[in-house]
Amino acid sequence: MTELFRTRERCSNQNGRRRRGFTLVEMIVVMAIIGLLAAILIPTIRAVMVRASESSIAVDLSNLDAGINQFKEKFGDYPPDFSNRNLLARHVQKAWPRITTNEMRIFLAIAYHRGGSISGPQWEIDQAEALVFWLGGFSEDPQHPFTGPGGPFSGGERNPENAYFPFDNNRLTESGNIQTFAVEYMDATSTRQTFQFNARQSTDEAILHGLENDPFPVCLTRGTNRPIVYLDAHNYLYSAYPMHSTIYQNTDVSGHAHAYLSDRKLLNGGFEWLNPHSYQLITAGLDEDFGQDMVDVTGGHLFKRYPSGINYVAGDLDNITNFSGGTLEDAIP
C-alpha cells in the first residue's frame with residue numbers, strides 16, 4: 001500500500017512539473033509584439049521630443065523679445081542689424097548723443113572691417129552677430145560707450161550689469177582665446193590711426209562661412225549649429241543672413257533668412273511686413289535650413305508670406321520665429 005502511494009506521488013510530480021524557459025514559438029510571438037510596440041511608440045516618442053525642442057526654441061525667442069524691448073526702453077528705439085551703415089550711425093548718435101567723433105569712427109571701422117585696402121582677416125557684423133552685440137552691455141561712459149570701461153572694445157570683459165540678456169555661454173560661438181585685433185580709422189583731423197583692442201575670438205566665421213574668425217560671436221539656436229538671426233524693421237527690404245556679399249560667397253549655411261511678409265494687403269497692392277515697426281527673430285529650425293531664395297521670371301526676389309506659406313520652400317517649414325510661436329508650417333491654414 002505504501003509503495004502504491006509512492007508510485008502515484010512520483011507520477012504526479014512528473015506530470016505536474018513546470019516547464020523551464022520559452023518555446024521557439026513563444027519567443028517569436030514575444031519578439032513580434034515588442035517589434036510592433038516599438039514601431040508604434042518610437043515615432044510618437046520622436047514627435048514628442050521634436051515638439052519639446054521646438055517649444056524650447058520658441059521660449060528662447062520670447063525671452064530675447066524681452067531683452068530687446070528693454071534695450072528699446074533704454075535707448076528709444078530697437079537696435080539696427082548693421083545692414084545699413086547710415087542707419088547704424090544715426091542710431092548710435094541718438095542713443096549716445098555725447099559720443100565723441102573718434103569713438104564713432106572707431107566703432108564704424110570695427111563694425112565694417114573690410115575692403116581692398118585692409119590686410120589680414122576681414123569681417124562685418126552681420127544680422128546674427130548684431131543680436132549678441134547689442135544685448136551684451138556697454139560702458140557707462142557716455143562719450144565712449146564702446147571703448148570705455150566695460151564696453152565691447154575696452155579690452156576687458158563687458159559690463160554684465162548693463163547686459164540686456166543673459167546669453168548661455170555654451171551656445172555662444174566664443175572661444176577662450178583672447179586675441180588682439182587692430183583696425184585703421186581716420187580721426188577727426190583726417191589722420192590715419194590704428195586702434196587695437198583685446199577680445200575673445202569667435203568661432204562662427206570659420207565654421208559657418210569659411211573665414212578667419214572675428215571678435216563677434218553668434219548665439220546658436222537650441223539644439224542646432226545655426227544662429228538666431230535678428231532683422232531690423234528699418235531695413236527689411238535689404239536685410240538678409242548670410243549677407244549677399246563677396247565675403248560670404250563660400251558660406252556653408254543652408255538658405256537665407258529674409259524678413260517675412262504678412263498676408264495683409266496694402267492699398268498699393270503689396271503686402272505688409274510682419275512686425276512692421278519692430279524686428280523679426282528667425283531661426284532655421286531643427287533642420288538647420290533657412291529655406292532657399294525664391295525668384296520670379298525676371299530674377300527678382302520673392303519674399304515669403306506668413307501664415308499662408310506663399311513662396312515657401314521645404315526649408316521654411318520648420319523655421320521658428322518670434323511672430324509664429326512655433327514652426328511656420330504649424331501656422332499654414
# chains A, B, ... in the order shown; residues from 1 in each chain; ligands from 1

call {"tool": "residues_around", "arguments": {"residues": "region 97-106 of chain A", "least_positions_apart": "6", "cutoff": "7 Å", "atoms": "only C-alpha atoms", "output": "number ranges by chain"}}
result
A: 142-144, 185, 187-188

call {"tool": "write_last_selection", "arguments": {"atoms": "C-alpha atoms", "output": "mmCIF file, in the first residue's frame"}}
result
data_model
loop_
_atom_site.group_PDB
_atom_site.id
_atom_site.type_symbol
_atom_site.label_atom_id
_atom_site.label_comp_id
_atom_site.auth_asym_id
_atom_site.auth_seq_id
_atom_site.Cartn_x
_atom_site.Cartn_y
_atom_site.Cartn_z
ATOM 1 C CA PRO A 142 28.564 108.492 -22.345
ATOM 2 C CA GLN A 143 31.376 109.705 -24.586
ATOM 3 C CA HIS A 144 32.966 106.276 -25.035
ATOM 4 C CA TYR A 185 40.436 104.628 -38.998
ATOM 5 C CA ASP A 187 40.489 110.533 -36.839
ATOM 6 C CA ALA A 188 38.830 113.956 -36.564
#

call {"tool": "residues_around", "arguments": {"residues": "Pro307 (chain A)", "least_positions_apart": "5", "cutoff": "8 Å", "atoms": "only C-alpha atoms", "output": "PyMOL selection string"}}
result
chain A and resi 262-263+328+331-333

call {"tool": "write_last_selection", "arguments": {"atoms": "all heavy atoms", "output": "PDB file, in the first residue's frame"}}
result
ATOM      1  N   SER A 262       3.468  89.645 -44.295  1.00  0.00           N
ATOM      2  CA  SER A 262       2.201  89.123 -43.797  1.00  0.00           C
ATOM      3  C   SER A 262       1.260  88.922 -44.989  1.00  0.00           C
ATOM      4  O   SER A 262       1.608  89.243 -46.136  1.00  0.00           O
ATOM      5  CB  SER A 262       1.567  90.093 -42.804  1.00  0.00           C
ATOM      6  OG  SER A 262       1.065  91.238 -43.482  1.00  0.00           O
ATOM      7  N   ASP A 263       0.081  88.413 -44.729  1.00  0.00           N
ATOM      8  CA  ASP A 263      -0.939  88.265 -45.779  1.00  0.00           C
ATOM      9  C   ASP A 263      -1.855  89.486 -45.842  1.00  0.00           C
ATOM     10  O   ASP A 263      -2.839  89.487 -46.569  1.00  0.00           O
ATOM     11  CB  ASP A 263      -1.775  86.997 -45.530  1.00  0.00           C
ATOM     12  CG  ASP A 263      -0.973  85.734 -45.772  1.00  0.00           C
ATOM     13  OD1 ASP A 263      -0.224  85.694 -46.767  1.00  0.00           O
ATOM     14  OD2 ASP A 263      -1.078  84.796 -44.963  1.00  0.00           O
ATOM     15  N   LEU A 328       6.715  77.584 -38.770  1.00  0.00           N
ATOM     16  CA  LEU A 328       5.916  78.255 -39.785  1.00  0.00           C
ATOM     17  C   LEU A 328       4.897  77.291 -40.395  1.00  0.00           C
ATOM     18  O   LEU A 328       3.796  77.692 -40.772  1.00  0.00           O
ATOM     19  CB  LEU A 328       6.802  78.833 -40.882  1.00  0.00           C
ATOM     20  CG  LEU A 328       7.834  79.875 -40.440  1.00  0.00           C
ATOM     21  CD1 LEU A 328       8.527  80.482 -41.664  1.00  0.00           C
ATOM     22  CD2 LEU A 328       7.200  80.971 -39.612  1.00  0.00           C
ATOM     23  N   ALA A 331       1.453  77.065 -38.747  1.00  0.00           N
ATOM     24  CA  ALA A 331       0.517  78.177 -38.911  1.00  0.00           C
ATOM     25  C   ALA A 331      -0.174  78.198 -40.274  1.00  0.00           C
ATOM     26  O   ALA A 331      -1.107  78.969 -40.479  1.00  0.00           O
ATOM     27  CB  ALA A 331       1.255  79.496 -38.706  1.00  0.00           C
ATOM     28  N   ILE A 332       0.294  77.361 -41.215  1.00  0.00           N
ATOM     29  CA  ILE A 332      -0.324  77.354 -42.544  1.00  0.00           C
ATOM     30  C   ILE A 332      -1.766  76.914 -42.431  1.00  0.00           C
ATOM     31  O   ILE A 332      -2.059  75.864 -41.850  1.00  0.00           O
ATOM     32  CB  ILE A 332       0.463  76.423 -43.505  1.00  0.00           C
ATOM     33  CG1 ILE A 332       1.879  76.955 -43.723  1.00  0.00           C
ATOM     34  CG2 ILE A 332      -0.259  76.320 -44.850  1.00  0.00           C
ATOM     35  CD1 ILE A 332       2.739  76.059 -44.582  1.00  0.00           C
ATOM     36  N   PRO A 333      -2.715  77.716 -42.946  1.00  0.00           N
ATOM     37  CA  PRO A 333      -4.131  77.364 -42.808  1.00  0.00           C
ATOM     38  C   PRO A 333      -4.450  76.005 -43.448  1.00  0.00           C
ATOM     39  O   PRO A 333      -3.858  75.648 -44.454  1.00  0.00           O
ATOM     40  CB  PRO A 333      -4.856  78.502 -43.535  1.00  0.00           C
ATOM     41  CG  PRO A 333      -3.871  79.628 -43.526  1.00  0.00           C
ATOM     42  CD  PRO A 333      -2.509  79.011 -43.604  1.00  0.00           C
TER      43      PRO A 333
END

call {"tool": "select_by_dssp", "arguments": {"residues": "region 68-224 of chain A", "states": "alpha helix (DSSP H)", "output": "PyMOL selection string"}}
result
chain A and resi 68-75+85-95+101-111+129-135+204

call {"tool": "residues_around", "arguments": {"residues": "Lys304 (chain A)", "least_positions_apart": "5", "cutoff": "7 Å", "atoms": "only C-alpha atoms", "output": "tab-separated table (two decimals) with N, CA and C atoms, in the first residue's frame"}}
result
chain	number	residue	atom	x	y	z
A	260	TYR	N	9.92	88.23	-43.38
A	260	TYR	CA	8.69	87.67	-43.93
A	260	TYR	C	7.61	88.75	-44.04
A	261	LEU	N	6.84	88.65	-45.12
A	261	LEU	CA	5.66	89.49	-45.29
A	261	LEU	C	4.47	88.84	-44.59
A	309	GLY	N	2.00	80.77	-46.22
A	309	GLY	CA	3.03	79.90	-46.77
A	309	GLY	C	3.34	80.17	-48.22
A	310	ILE	N	2.86	81.31	-48.76
A	310	ILE	CA	3.15	81.66	-50.15
A	310	ILE	C	4.67	81.81	-50.33
A	311	ASN	N	5.20	81.17	-51.37
A	311	ASN	CA	6.63	81.19	-51.74
A	311	ASN	C	7.52	80.41	-50.78
A	312	TYR	N	6.92	79.64	-49.87
A	312	TYR	CA	7.74	78.78	-49.00
A	312	TYR	C	8.40	77.68	-49.83

call {"tool": "residues_around", "arguments": {"residues": "Pro227 (chain A)", "least_positions_apart": "2", "cutoff": "8 Å", "atoms": "only C-alpha atoms", "output": "tab-separated table (two decimals) with all heavy atoms, in the first residue's frame"}}
result
chain	number	residue	atom	x	y	z
A	128	ALA	N	23.18	88.07	-37.41
A	128	ALA	CA	23.18	87.14	-36.27
A	128	ALA	C	24.08	87.66	-35.16
A	128	ALA	O	23.75	87.59	-33.98
A	128	ALA	CB	23.62	85.75	-36.72
A	218	VAL	N	27.97	84.60	-32.34
A	218	VAL	CA	26.52	84.49	-32.52
A	218	VAL	C	25.99	83.57	-31.43
A	218	VAL	O	26.74	82.87	-30.77
A	218	VAL	CB	26.15	83.91	-33.91
A	218	VAL	CG1	26.70	84.78	-35.02
A	218	VAL	CG2	26.65	82.46	-34.07
A	219	CYS	N	24.66	83.59	-31.25
A	219	CYS	CA	24.01	82.66	-30.33
A	219	CYS	C	23.35	81.58	-31.15
A	219	CYS	O	22.49	81.86	-31.99
A	219	CYS	CB	22.97	83.40	-29.48
A	219	CYS	SG	22.11	82.32	-28.30
A	220	LEU	N	23.75	80.35	-30.94
A	220	LEU	CA	23.20	79.24	-31.70
A	220	LEU	C	21.79	78.89	-31.22
A	220	LEU	O	21.50	78.92	-30.02
A	220	LEU	CB	24.10	78.01	-31.57
A	220	LEU	CG	25.54	78.17	-32.10
A	220	LEU	CD1	26.32	76.89	-31.85
A	220	LEU	CD2	25.54	78.52	-33.59
A	221	THR	N	20.94	78.57	-32.16
A	221	THR	CA	19.61	78.10	-31.82
A	221	THR	C	19.72	76.81	-31.01
A	221	THR	O	20.55	75.95	-31.32
A	221	THR	CB	18.79	77.83	-33.10
A	221	THR	OG1	18.76	79.03	-33.87
A	221	THR	CG2	17.38	77.41	-32.76
A	225	ASN	N	23.33	73.94	-34.94
A	225	ASN	CA	24.56	74.68	-35.20
A	225	ASN	C	24.29	75.87	-36.10
A	225	ASN	O	25.16	76.27	-36.89
A	225	ASN	CB	25.61	73.77	-35.83
A	225	ASN	CG	26.19	72.78	-34.83
A	225	ASN	OD1	26.56	73.17	-33.72
A	225	ASN	ND2	26.25	71.52	-35.20
A	229	VAL	N	18.82	84.79	-35.88
A	229	VAL	CA	19.06	85.95	-36.74
A	229	VAL	C	18.12	87.08	-36.35
A	229	VAL	O	16.92	86.86	-36.15
A	229	VAL	CB	18.88	85.57	-38.22
A	229	VAL	CG1	19.04	86.80	-39.12
A	229	VAL	CG2	19.88	84.49	-38.62
A	283	THR	N	14.91	81.69	-36.82
A	283	THR	CA	15.82	80.55	-36.69
A	283	THR	C	15.57	79.58	-37.83
A	283	THR	O	14.49	79.56	-38.42
A	283	THR	CB	15.62	79.80	-35.35
A	283	THR	OG1	14.40	79.03	-35.42
A	283	THR	CG2	15.53	80.77	-34.19
A	284	ALA	N	16.57	78.77	-38.13
A	284	ALA	CA	16.46	77.80	-39.22
A	284	ALA	C	15.72	76.54	-38.80
A	284	ALA	O	15.53	75.64	-39.61
A	284	ALA	CB	17.85	77.43	-39.73

call {"tool": "residues_around", "arguments": {"residues": "Tyr236 (chain A)", "least_positions_apart": "5", "cutoff": "10 Å", "atoms": "only C-alpha atoms", "output": "PyMOL selection string"}}
result
chain A and resi 81+83+231+258-261+273-274+276+279-280

call {"tool": "write_last_selection", "arguments": {"atoms": "N, CA, C and O atoms", "output": "PDB file, in the first residue's frame"}}
result
ATOM      1  N   ASP A  81      20.392  96.286 -37.410  1.00  0.00           N
ATOM      2  CA  ASP A  81      21.011  94.978 -37.651  1.00  0.00           C
ATOM      3  C   ASP A  81      22.317  95.057 -38.451  1.00  0.00           C
ATOM      4  O   ASP A  81      22.809  94.049 -38.936  1.00  0.00           O
ATOM      5  N   SER A  83      22.904  96.173 -41.356  1.00  0.00           N
ATOM      6  CA  SER A  83      22.812  96.015 -42.806  1.00  0.00           C
ATOM      7  C   SER A  83      22.875  97.355 -43.539  1.00  0.00           C
ATOM      8  O   SER A  83      23.017  97.388 -44.754  1.00  0.00           O
ATOM      9  N   LEU A 231      16.563  90.709 -37.581  1.00  0.00           N
ATOM     10  CA  LEU A 231      16.337  91.606 -38.718  1.00  0.00           C
ATOM     11  C   LEU A 231      15.559  92.825 -38.249  1.00  0.00           C
ATOM     12  O   LEU A 231      14.467  92.700 -37.684  1.00  0.00           O
ATOM     13  N   HIS A 258      15.416  85.874 -44.673  1.00  0.00           N
ATOM     14  CA  HIS A 258      14.901  87.176 -45.092  1.00  0.00           C
ATOM     15  C   HIS A 258      13.696  87.505 -44.229  1.00  0.00           C
ATOM     16  O   HIS A 258      13.062  86.619 -43.652  1.00  0.00           O
ATOM     17  N   ALA A 259      13.352  88.794 -44.164  1.00  0.00           N
ATOM     18  CA  ALA A 259      12.146  89.201 -43.447  1.00  0.00           C
ATOM     19  C   ALA A 259      10.926  88.625 -44.157  1.00  0.00           C
ATOM     20  O   ALA A 259      10.886  88.530 -45.394  1.00  0.00           O
ATOM     21  N   TYR A 260       9.923  88.235 -43.383  1.00  0.00           N
ATOM     22  CA  TYR A 260       8.689  87.670 -43.929  1.00  0.00           C
ATOM     23  C   TYR A 260       7.607  88.746 -44.041  1.00  0.00           C
ATOM     24  O   TYR A 260       7.487  89.626 -43.184  1.00  0.00           O
ATOM     25  N   LEU A 261       6.836  88.650 -45.121  1.00  0.00           N
ATOM     26  CA  LEU A 261       5.659  89.492 -45.289  1.00  0.00           C
ATOM     27  C   LEU A 261       4.467  88.845 -44.594  1.00  0.00           C
ATOM     28  O   LEU A 261       4.443  87.633 -44.368  1.00  0.00           O
ATOM     29  N   TRP A 273       4.738  94.026 -43.998  1.00  0.00           N
ATOM     30  CA  TRP A 273       5.726  93.195 -43.324  1.00  0.00           C
ATOM     31  C   TRP A 273       5.153  92.646 -42.023  1.00  0.00           C
ATOM     32  O   TRP A 273       4.306  93.282 -41.404  1.00  0.00           O
ATOM     33  N   LEU A 274       5.649  91.506 -41.596  1.00  0.00           N
ATOM     34  CA  LEU A 274       5.392  91.038 -40.228  1.00  0.00           C
ATOM     35  C   LEU A 274       6.182  91.934 -39.283  1.00  0.00           C
ATOM     36  O   LEU A 274       7.344  92.270 -39.560  1.00  0.00           O
ATOM     37  N   PRO A 276       5.953  95.234 -38.603  1.00  0.00           N
ATOM     38  CA  PRO A 276       6.433  96.315 -39.476  1.00  0.00           C
ATOM     39  C   PRO A 276       7.167  97.443 -38.762  1.00  0.00           C
ATOM     40  O   PRO A 276       7.862  98.226 -39.427  1.00  0.00           O
ATOM     41  N   TYR A 279      10.958  94.304 -35.332  1.00  0.00           N
ATOM     42  CA  TYR A 279      12.029  93.418 -35.793  1.00  0.00           C
ATOM     43  C   TYR A 279      11.477  92.005 -35.946  1.00  0.00           C
ATOM     44  O   TYR A 279      10.366  91.688 -35.493  1.00  0.00           O
ATOM     45  N   GLN A 280      12.256  91.168 -36.577  1.00  0.00           N
ATOM     46  CA  GLN A 280      11.935  89.746 -36.677  1.00  0.00           C
ATOM     47  C   GLN A 280      13.141  88.937 -36.186  1.00  0.00           C
ATOM     48  O   GLN A 280      14.279  89.237 -36.553  1.00  0.00           O
TER      49      GLN A 280
END

call {"tool": "residues_around", "arguments": {"residues": "Tyr78 (chain A)", "least_positions_apart": "4", "cutoff": "7 Å", "atoms": "only C-alpha atoms", "output": "list in words"}}
result
Ile68, Phe71, Lys72 and Ser278 of chain A

call {"tool": "write_last_selection", "arguments": {"atoms": "all heavy atoms", "output": "mmCIF file, in the first residue's frame"}}
result
data_model
loop_
_atom_site.group_PDB
_atom_site.id
_atom_site.type_symbol
_atom_site.label_atom_id
_atom_site.label_comp_id
_atom_site.auth_asym_id
_atom_site.auth_seq_id
_atom_site.Cartn_x
_atom_site.Cartn_y
_atom_site.Cartn_z
ATOM 1 N N ILE A 68 15.311 92.647 -25.953
ATOM 2 C CA ILE A 68 15.347 93.669 -26.997
ATOM 3 C C ILE A 68 14.442 94.844 -26.633
ATOM 4 O O ILE A 68 14.780 96.007 -26.883
ATOM 5 C CB ILE A 68 14.937 93.055 -28.345
ATOM 6 C CG1 ILE A 68 15.960 92.000 -28.775
ATOM 7 C CG2 ILE A 68 14.820 94.134 -29.423
ATOM 8 C CD1 ILE A 68 15.529 91.165 -29.967
ATOM 9 N N PHE A 71 16.171 97.048 -24.246
ATOM 10 C CA PHE A 71 17.105 97.909 -24.980
ATOM 11 C C PHE A 71 16.366 99.119 -25.536
ATOM 12 O O PHE A 71 16.841 100.259 -25.446
ATOM 13 C CB PHE A 71 17.758 97.115 -26.110
ATOM 14 C CG PHE A 71 18.764 97.894 -26.917
ATOM 15 C CD1 PHE A 71 20.120 97.787 -26.647
ATOM 16 C CD2 PHE A 71 18.368 98.735 -27.948
ATOM 17 C CE1 PHE A 71 21.055 98.509 -27.387
ATOM 18 C CE2 PHE A 71 19.288 99.457 -28.694
ATOM 19 C CZ PHE A 71 20.638 99.343 -28.407
ATOM 20 N N LYS A 72 15.190 98.889 -26.125
ATOM 21 C CA LYS A 72 14.400 99.990 -26.687
ATOM 22 C C LYS A 72 13.990 100.993 -25.610
ATOM 23 O O LYS A 72 14.013 102.208 -25.823
ATOM 24 C CB LYS A 72 13.157 99.446 -27.393
ATOM 25 C CG LYS A 72 12.261 100.525 -28.006
ATOM 26 C CD LYS A 72 11.053 99.907 -28.682
ATOM 27 C CE LYS A 72 10.196 100.979 -29.356
ATOM 28 N NZ LYS A 72 9.569 101.893 -28.379
ATOM 29 N N SER A 278 9.049 96.938 -35.737
ATOM 30 C CA SER A 278 9.996 96.459 -34.731
ATOM 31 C C SER A 278 11.094 95.605 -35.363
ATOM 32 O O SER A 278 12.052 96.138 -35.925
ATOM 33 C CB SER A 278 9.257 95.685 -33.632
ATOM 34 O OG SER A 278 8.490 94.621 -34.175
#

call {"tool": "select_by_dssp", "arguments": {"residues": "region 135-192 of chain A", "states": "strand (DSSP E or B)", "output": "list of chain:residue names"}}
result
A:Leu172, A:Glu174, A:Ser175, A:Gly176, A:Asn177, A:Ile178, A:Gln179, A:Thr180, A:Phe181, A:Ala182, A:Val183, A:Glu184, A:Tyr185, A:Met186, A:Arg192

call {"tool": "residues_around", "arguments": {"residues": "Gly223 (chain A)", "least_positions_apart": "2", "cutoff": "12 Å", "atoms": "only C-alpha atoms", "output": "NGL selection string"}}
result
:A and (49-50 or 52-57 or 60 or 170-171 or 219-221 or 225-228 or 283-288)

call {"tool": "closest_residue", "arguments": {"among": "A:Gly35, A:Gly136, A:Gly156, A:Gly255", "to": "Pro217 (chain A)", "atoms": "only C-alpha atoms"}}
result
A:Gly136

call {"tool": "closest_residue", "arguments": {"among": "A:Met27, A:Lys74, A:Val132, A:Ile178", "to": "Pro166 (chain A)", "atoms": "only C-alpha atoms"}}
result
A:Val132

call {"tool": "atom_distance", "arguments": {"atom1": "CA of Leu88 (chain A)", "atom2": "CA of Pro145 (chain A)"}}
result
14.6 Å
